[in-house]
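Below you'll find the structure, written out as structure tokens, and then a few comments.
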Amino acid sequence: MKSAMTSVRDRLIVALDFPTPAKALALVSVLSDAVSIYKIGLQLYTAAGPEIVRAVAATGAKIFLDLKLHDIPNTVAKAVGAAGELGVQMLTIHLSGGRAMLEAAASAKSPSLSLLGVTVLTSSTQETLSETGVSSTLESQVIRLGQLGKDCGIGGLITSPHEVRVLRERLGSEITLITPGVRPAWAAADDQKRFTTPAEALKSGADYLVIGRPITAAADPRAAVERLLDEIAD
Ligand code: C5P
């Protein structure tokens with residue numbers, strides 16, 4: 001999935017966090033050749049189902065399906081198989097589902113599908129971990145789950161920009177690191193708390209950036225993409 005030749009443009013994933021397929025497709029049409037990967041998450045997928053995946057894929061874009069799978073191994077393996085048939089290129093899975101679930105997922109995936117593991121959600125705090133019976137620090141839990149994912153054949157991780165550097169150091173250059181929680185200097189923070197700029201995230205070792213509202217809520221989304229790419233290039 002990774003290549004040293006990947007251009008900055010191909011490292012941008014735009015989050016289609018919209019309530020209806022019409023709104024999502026209108027943005028895809030405006031961005032057309034400026035963006036090559038779109039993230040379809042729980043909101044849009046629940047509202048619009050596999051049809052929206054097919055419709056965005058039909059424009060030639062790649063699809064990152066962010067469903068954060070976590071279930072018994074057989075069910076997850078079947079869902080991974082179905083996502084492969086649907087034609088998505090990236091699919092998320094919760095690493096806390098454990099070894100058997102992760103291995104079942106890895107063996108059910110088609111070669112063209114990349115599984116991306118979620119370590120600890122960035123909305124979680126140390127208190128969230130304690131309440132759910134996890135006594136490690138947040139950072140060591142992130143590293144432990146990242147290592148487990150790698151051992152089980154999960155090729156990439158979704159990570160906070162603040163954890164990119166340590167994950168890259170611990171897990172090596174082969175693992176693909178994808179980070180949301182990035183904000184260009186000129187954009188509103190929205191509800192993101194511990195964000196970095198896109199350039200900082202890439203410098204720390206991120207392979208892909210997931211960006212939503214700075215583009216999707218911009219008055220001119222295409223100009224926002226161009227500005228963002230210029231900022232990274234600078
Ligand atoms: O609009 P914004 O750029 O904040 O969108 C970021 C996207 O990345 C959203 O789809 C959000 O759900 C997702 N995300 C995130 N933080 C995480 C995991 C996913 O912002 N830790």
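Naming scheme: A, B, ... for chains in displayed order of the structure tokens; residues 1 onward per chain; ligands 1 onward as shown.
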According to DSSP computed on the backbone, where in region 4-226 of chain A is there strand (DSSP E)? Give the residues as a PyMOL selection string.
chain A and resi 12-15+37-41+62-69+90-94+114-118+156-158+176-179+208-211
Might you pull out every residue within 9 Å of Tyr38 (chain A), with only C-alpha atoms counted and same-chain residues fewer than 3 positions away left off, and present them as a list in words?
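Counting only the stated atoms, we get Leu12, Ile13, Val14, Ala15, Leu16, Val28, Val35, Val56, Ala61, Lys62, Ile63, Phe64, Leu65 and Val210 of chain A.
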With C-alpha atoms kept, could you save the residues just selected as an mmCIF file, in the first residue's frame?
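Once written, result-v6.cif looks like this:
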```cif
data_model
loop_
_atom_site.group_PDB
_atom_site.id
_atom_site.type_symbol
_atom_site.label_atom_id
_atom_site.label_comp_id
_atom_site.auth_asym_id
_atom_site.auth_seq_id
_atom_site.Cartn_x
_atom_site.Cartn_y
_atom_site.Cartn_z
ATOM 1 C CA LEU A 12 -4.918 12.926 1.717
ATOM 2 C CA ILE A 13 -8.092 11.097 2.760
ATOM 3 C CA VAL A 14 -11.232 13.250 2.883
ATOM 4 C CA ALA A 15 -13.816 12.191 5.470
ATOM 5 C CA LEU A 16 -17.312 12.173 3.950
ATOM 6 C CA VAL A 28 -17.006 14.221 -4.428
ATOM 7 C CA VAL A 35 -8.704 13.916 -4.077
ATOM 8 C CA VAL A 56 -18.090 6.996 -4.831
ATOM 9 C CA ALA A 61 -11.713 7.144 -6.105
ATOM 10 C CA LYS A 62 -10.446 4.698 -3.491
ATOM 11 C CA ILE A 63 -12.651 3.966 -0.490
ATOM 12 C CA PHE A 64 -11.638 3.849 3.151
ATOM 13 C CA LEU A 65 -14.583 2.202 4.947
ATOM 14 C CA VAL A 210 -7.687 12.034 7.344
#
```
Would you pick out the contacts of Ala217 (chain A) at 12 Å or less, using only C-alpha atoms, so that residues sharing its chain but fewer than 3 positions from it are not included, and give the list as a PDB file with all heavy atoms, in the first residue's frame?
```pdb
ATOM      1  N   VAL A  14     -10.176  12.315   2.462  1.00  0.00           N
ATOM      2  CA  VAL A  14     -11.232  13.250   2.883  1.00  0.00           C
ATOM      3  C   VAL A  14     -12.387  12.471   3.513  1.00  0.00           C
ATOM      4  O   VAL A  14     -12.908  11.519   2.918  1.00  0.00           O
ATOM      5  CB  VAL A  14     -11.721  14.101   1.684  1.00  0.00           C
ATOM      6  CG1 VAL A  14     -12.924  14.950   2.077  1.00  0.00           C
ATOM      7  CG2 VAL A  14     -10.586  14.992   1.186  1.00  0.00           C
ATOM      8  N   ALA A  15     -12.744  12.870   4.730  1.00  0.00           N
ATOM      9  CA  ALA A  15     -13.816  12.191   5.470  1.00  0.00           C
ATOM     10  C   ALA A  15     -15.175  12.697   4.999  1.00  0.00           C
ATOM     11  O   ALA A  15     -15.497  13.875   5.154  1.00  0.00           O
ATOM     12  CB  ALA A  15     -13.658  12.457   6.969  1.00  0.00           C
ATOM     13  N   LEU A  16     -15.969  11.805   4.420  1.00  0.00           N
ATOM     14  CA  LEU A  16     -17.312  12.173   3.950  1.00  0.00           C
ATOM     15  C   LEU A  16     -18.306  12.011   5.088  1.00  0.00           C
ATOM     16  O   LEU A  16     -19.127  11.089   5.102  1.00  0.00           O
ATOM     17  CB  LEU A  16     -17.713  11.290   2.757  1.00  0.00           C
ATOM     18  CG  LEU A  16     -16.914  11.464   1.470  1.00  0.00           C
ATOM     19  CD1 LEU A  16     -17.377  10.454   0.416  1.00  0.00           C
ATOM     20  CD2 LEU A  16     -17.034  12.895   0.931  1.00  0.00           C
ATOM     21  N   ASP A  17     -18.197  12.887   6.095  1.00  0.00           N
ATOM     22  CA  ASP A  17     -19.104  12.790   7.250  1.00  0.00           C
ATOM     23  C   ASP A  17     -20.365  13.592   6.953  1.00  0.00           C
ATOM     24  O   ASP A  17     -20.535  14.719   7.420  1.00  0.00           O
ATOM     25  CB  ASP A  17     -18.391  13.297   8.513  1.00  0.00           C
ATOM     26  CG  ASP A  17     -17.250  12.388   8.906  1.00  0.00           C
ATOM     27  OD1 ASP A  17     -17.357  11.167   8.686  1.00  0.00           O
ATOM     28  OD2 ASP A  17     -16.239  12.888   9.427  1.00  0.00           O
ATOM     29  N   PHE A  18     -21.254  12.990   6.152  1.00  0.00           N
ATOM     30  CA  PHE A  18     -22.492  13.654   5.741  1.00  0.00           C
ATOM     31  C   PHE A  18     -23.687  12.777   6.098  1.00  0.00           C
ATOM     32  O   PHE A  18     -23.562  11.542   6.147  1.00  0.00           O
ATOM     33  CB  PHE A  18     -22.495  13.875   4.218  1.00  0.00           C
ATOM     34  CG  PHE A  18     -21.522  14.917   3.765  1.00  0.00           C
ATOM     35  CD1 PHE A  18     -20.381  14.559   3.066  1.00  0.00           C
ATOM     36  CD2 PHE A  18     -21.751  16.265   4.025  1.00  0.00           C
ATOM     37  CE1 PHE A  18     -19.481  15.523   2.640  1.00  0.00           C
ATOM     38  CE2 PHE A  18     -20.852  17.233   3.596  1.00  0.00           C
ATOM     39  CZ  PHE A  18     -19.718  16.862   2.910  1.00  0.00           C
ATOM     40  N   LYS A  23     -25.459  14.732  -0.415  1.00  0.00           N
ATOM     41  CA  LYS A  23     -24.456  15.714   0.030  1.00  0.00           C
ATOM     42  C   LYS A  23     -23.043  15.176  -0.197  1.00  0.00           C
ATOM     43  O   LYS A  23     -22.145  15.906  -0.606  1.00  0.00           O
ATOM     44  CB  LYS A  23     -24.663  16.046   1.507  1.00  0.00           C
ATOM     45  CG  LYS A  23     -25.892  16.899   1.712  1.00  0.00           C
ATOM     46  CD  LYS A  23     -25.950  17.495   3.100  1.00  0.00           C
ATOM     47  CE  LYS A  23     -27.048  18.545   3.131  1.00  0.00           C
ATOM     48  NZ  LYS A  23     -27.644  18.757   4.415  1.00  0.00           N
ATOM     49  N   ALA A  24     -22.859  13.904   0.101  1.00  0.00           N
ATOM     50  CA  ALA A  24     -21.532  13.301  -0.066  1.00  0.00           C
ATOM     51  C   ALA A  24     -21.124  13.332  -1.537  1.00  0.00           C
ATOM     52  O   ALA A  24     -20.008  13.733  -1.888  1.00  0.00           O
ATOM     53  CB  ALA A  24     -21.544  11.867   0.462  1.00  0.00           C
ATOM     54  N   LEU A  27     -20.041  16.725  -2.902  1.00  0.00           N
ATOM     55  CA  LEU A  27     -18.660  17.104  -2.574  1.00  0.00           C
ATOM     56  C   LEU A  27     -17.663  16.338  -3.440  1.00  0.00           C
ATOM     57  O   LEU A  27     -16.695  16.912  -3.954  1.00  0.00           O
ATOM     58  CB  LEU A  27     -18.356  16.859  -1.091  1.00  0.00           C
ATOM     59  CG  LEU A  27     -16.939  17.315  -0.731  1.00  0.00           C
ATOM     60  CD1 LEU A  27     -16.892  18.828  -0.538  1.00  0.00           C
ATOM     61  CD2 LEU A  27     -16.398  16.621   0.494  1.00  0.00           C
ATOM     62  N   ALA A 187      -7.374  26.664   9.578  1.00  0.00           N
ATOM     63  CA  ALA A 187      -8.716  26.091   9.799  1.00  0.00           C
ATOM     64  C   ALA A 187      -9.118  26.126  11.268  1.00  0.00           C
ATOM     65  O   ALA A 187      -8.269  26.173  12.157  1.00  0.00           O
ATOM     66  CB  ALA A 187      -8.732  24.647   9.296  1.00  0.00           C
ATOM     67  N   ALA A 188     -10.431  26.062  11.504  1.00  0.00           N
ATOM     68  CA  ALA A 188     -10.946  26.000  12.878  1.00  0.00           C
ATOM     69  C   ALA A 188     -10.612  24.640  13.485  1.00  0.00           C
ATOM     70  O   ALA A 188     -10.523  23.640  12.771  1.00  0.00           O
ATOM     71  CB  ALA A 188     -12.459  26.188  12.847  1.00  0.00           C
ATOM     72  N   ASP A 190     -12.536  23.004  15.469  1.00  0.00           N
ATOM     73  CA  ASP A 190     -13.786  22.253  15.697  1.00  0.00           C
ATOM     74  C   ASP A 190     -13.683  21.560  17.058  1.00  0.00           C
ATOM     75  O   ASP A 190     -13.232  22.183  18.006  1.00  0.00           O
ATOM     76  CB  ASP A 190     -14.060  21.264  14.550  1.00  0.00           C
ATOM     77  CG  ASP A 190     -14.115  21.959  13.187  1.00  0.00           C
ATOM     78  OD1 ASP A 190     -14.882  22.919  13.082  1.00  0.00           O
ATOM     79  OD2 ASP A 190     -13.383  21.566  12.269  1.00  0.00           O
ATOM     80  N   ILE A 211      -8.797  14.106   6.822  1.00  0.00           N
ATOM     81  CA  ILE A 211      -9.279  15.462   7.113  1.00  0.00           C
ATOM     82  C   ILE A 211     -10.731  15.589   6.670  1.00  0.00           C
ATOM     83  O   ILE A 211     -11.091  15.173   5.564  1.00  0.00           O
ATOM     84  CB  ILE A 211      -8.398  16.528   6.415  1.00  0.00           C
ATOM     85  CG1 ILE A 211      -6.951  16.342   6.885  1.00  0.00           C
ATOM     86  CG2 ILE A 211      -8.900  17.936   6.727  1.00  0.00           C
ATOM     87  CD1 ILE A 211      -5.991  17.396   6.397  1.00  0.00           C
ATOM     88  N   GLY A 212     -11.540  16.140   7.577  1.00  0.00           N
ATOM     89  CA  GLY A 212     -12.959  16.308   7.274  1.00  0.00           C
ATOM     90  C   GLY A 212     -13.334  17.765   7.157  1.00  0.00           C
ATOM     91  O   GLY A 212     -13.179  18.390   6.097  1.00  0.00           O
ATOM     92  N   ARG A 213     -13.809  18.340   8.250  1.00  0.00           N
ATOM     93  CA  ARG A 213     -14.442  19.653   8.214  1.00  0.00           C
ATOM     94  C   ARG A 213     -13.637  20.805   7.618  1.00  0.00           C
ATOM     95  O   ARG A 213     -14.245  21.678   6.968  1.00  0.00           O
ATOM     96  CB  ARG A 213     -14.965  19.999   9.624  1.00  0.00           C
ATOM     97  CG  ARG A 213     -16.199  19.175   9.969  1.00  0.00           C
ATOM     98  CD  ARG A 213     -16.457  19.121  11.441  1.00  0.00           C
ATOM     99  NE  ARG A 213     -15.405  18.389  12.138  1.00  0.00           N
ATOM    100  CZ  ARG A 213     -15.383  18.197  13.450  1.00  0.00           C
ATOM    101  NH1 ARG A 213     -16.334  18.698  14.201  1.00  0.00           N
ATOM    102  NH2 ARG A 213     -14.400  17.494  13.985  1.00  0.00           N
ATOM    103  N   PRO A 214     -12.304  20.860   7.788  1.00  0.00           N
ATOM    104  CA  PRO A 214     -11.598  21.968   7.121  1.00  0.00           C
ATOM    105  C   PRO A 214     -11.853  21.984   5.614  1.00  0.00           C
ATOM    106  O   PRO A 214     -11.757  23.031   4.964  1.00  0.00           O
ATOM    107  CB  PRO A 214     -10.122  21.681   7.432  1.00  0.00           C
ATOM    108  CG  PRO A 214     -10.168  20.940   8.733  1.00  0.00           C
ATOM    109  CD  PRO A 214     -11.414  20.070   8.649  1.00  0.00           C
ATOM    110  N   ASP A 220     -15.433  26.991  -0.087  1.00  0.00           N
ATOM    111  CA  ASP A 220     -14.936  26.492  -1.376  1.00  0.00           C
ATOM    112  C   ASP A 220     -14.041  25.281  -1.093  1.00  0.00           C
ATOM    113  O   ASP A 220     -12.827  25.433  -0.888  1.00  0.00           O
ATOM    114  CB  ASP A 220     -14.152  27.621  -2.075  1.00  0.00           C
ATOM    115  CG  ASP A 220     -13.658  27.203  -3.455  1.00  0.00           C
ATOM    116  OD1 ASP A 220     -13.656  25.988  -3.754  1.00  0.00           O
ATOM    117  OD2 ASP A 220     -13.261  28.102  -4.222  1.00  0.00           O
ATOM    118  N   PRO A 221     -14.632  24.082  -1.042  1.00  0.00           N
ATOM    119  CA  PRO A 221     -13.866  22.894  -0.639  1.00  0.00           C
ATOM    120  C   PRO A 221     -12.670  22.605  -1.546  1.00  0.00           C
ATOM    121  O   PRO A 221     -11.619  22.178  -1.073  1.00  0.00           O
ATOM    122  CB  PRO A 221     -14.886  21.756  -0.724  1.00  0.00           C
ATOM    123  CG  PRO A 221     -16.220  22.415  -0.649  1.00  0.00           C
ATOM    124  CD  PRO A 221     -16.048  23.771  -1.267  1.00  0.00           C
ATOM    125  N   ARG A 222     -12.817  22.880  -2.817  1.00  0.00           N
ATOM    126  CA  ARG A 222     -11.701  22.604  -3.728  1.00  0.00           C
ATOM    127  C   ARG A 222     -10.521  23.541  -3.442  1.00  0.00           C
ATOM    128  O   ARG A 222      -9.361  23.119  -3.399  1.00  0.00           O
ATOM    129  CB  ARG A 222     -12.167  22.755  -5.180  1.00  0.00           C
ATOM    130  CG  ARG A 222     -11.211  22.047  -6.096  1.00  0.00           C
ATOM    131  CD  ARG A 222     -11.616  22.094  -7.530  1.00  0.00           C
ATOM    132  NE  ARG A 222     -10.475  21.631  -8.287  1.00  0.00           N
ATOM    133  CZ  ARG A 222     -10.363  20.418  -8.814  1.00  0.00           C
ATOM    134  NH1 ARG A 222     -11.337  19.550  -8.703  1.00  0.00           N
ATOM    135  NH2 ARG A 222      -9.278  20.065  -9.456  1.00  0.00           N
ATOM    136  N   ALA A 223     -10.836  24.802  -3.173  1.00  0.00           N
ATOM    137  CA  ALA A 223      -9.770  25.744  -2.823  1.00  0.00           C
ATOM    138  C   ALA A 223      -9.127  25.330  -1.498  1.00  0.00           C
ATOM    139  O   ALA A 223      -7.912  25.466  -1.322  1.00  0.00           O
ATOM    140  CB  ALA A 223     -10.348  27.154  -2.715  1.00  0.00           C
ATOM    141  N   ALA A 224      -9.930  24.789  -0.584  1.00  0.00           N
ATOM    142  CA  ALA A 224      -9.383  24.347   0.712  1.00  0.00           C
ATOM    143  C   ALA A 224      -8.393  23.201   0.500  1.00  0.00           C
ATOM    144  O   ALA A 224      -7.331  23.160   1.122  1.00  0.00           O
ATOM    145  CB  ALA A 224     -10.518  23.924   1.645  1.00  0.00           C
ATOM    146  N   VAL A 225      -8.718  22.276  -0.399  1.00  0.00           N
ATOM    147  CA  VAL A 225      -7.795  21.162  -0.691  1.00  0.00           C
ATOM    148  C   VAL A 225      -6.491  21.710  -1.281  1.00  0.00           C
ATOM    149  O   VAL A 225      -5.394  21.338  -0.858  1.00  0.00           O
ATOM    150  CB  VAL A 225      -8.427  20.145  -1.671  1.00  0.00           C
ATOM    151  CG1 VAL A 225      -7.381  19.175  -2.211  1.00  0.00           C
ATOM    152  CG2 VAL A 225      -9.547  19.375  -0.984  1.00  0.00           C
TER     153      VAL A 225
END
```
Near Val80 (chain A), counting only C-alpha atoms, which residues have an atom at most 9 Å away, once you skip same-chain residues fewer than 5 positions from it, shown as a PDB file with C-alpha atoms, in the first residue's frame?
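What landed in part_39.pdb:
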```
ATOM      1  CA  LEU A  69     -15.193  -3.857  13.257  1.00  0.00           C
ATOM      2  CA  THR A  75     -18.545 -12.510  12.018  1.00  0.00           C
ATOM      3  CA  GLU A  85     -16.304  -7.837  -2.591  1.00  0.00           C
ATOM      4  CA  LEU A  91     -11.216  -1.047   6.313  1.00  0.00           C
ATOM      5  CA  ALA A 105      -9.804 -10.859   9.663  1.00  0.00           C
ATOM      6  CA  ALA A 106      -6.325 -10.940   8.111  1.00  0.00           C
ATOM      7  CA  ALA A 108     -10.321 -13.292   5.131  1.00  0.00           C
ATOM      8  CA  LYS A 109      -9.073 -10.187   3.362  1.00  0.00           C
ATOM      9  CA  SER A 110      -8.439  -9.972  -0.346  1.00  0.00           C
ATOM     10  CA  LEU A 113      -7.826  -4.641   0.860  1.00  0.00           C
ATOM     11  CA  LEU A 115      -6.896  -3.620   7.218  1.00  0.00           C
TER      12      LEU A 115
END
```
Residues within 9 Å of Arg170 (chain A), only C-alpha atoms, excluding chain neighbours under 5 positions, as a list in words
Ile143, Gln147 and Arg165 of chain A
In Å to one decimal, how far is CA of Asp207 (chain A) from CA of Gly149 (chain A)?
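Computed distance, CA of Gly149 (chain A) to CA of Asp207 (chain A), equals 17.2 Å.
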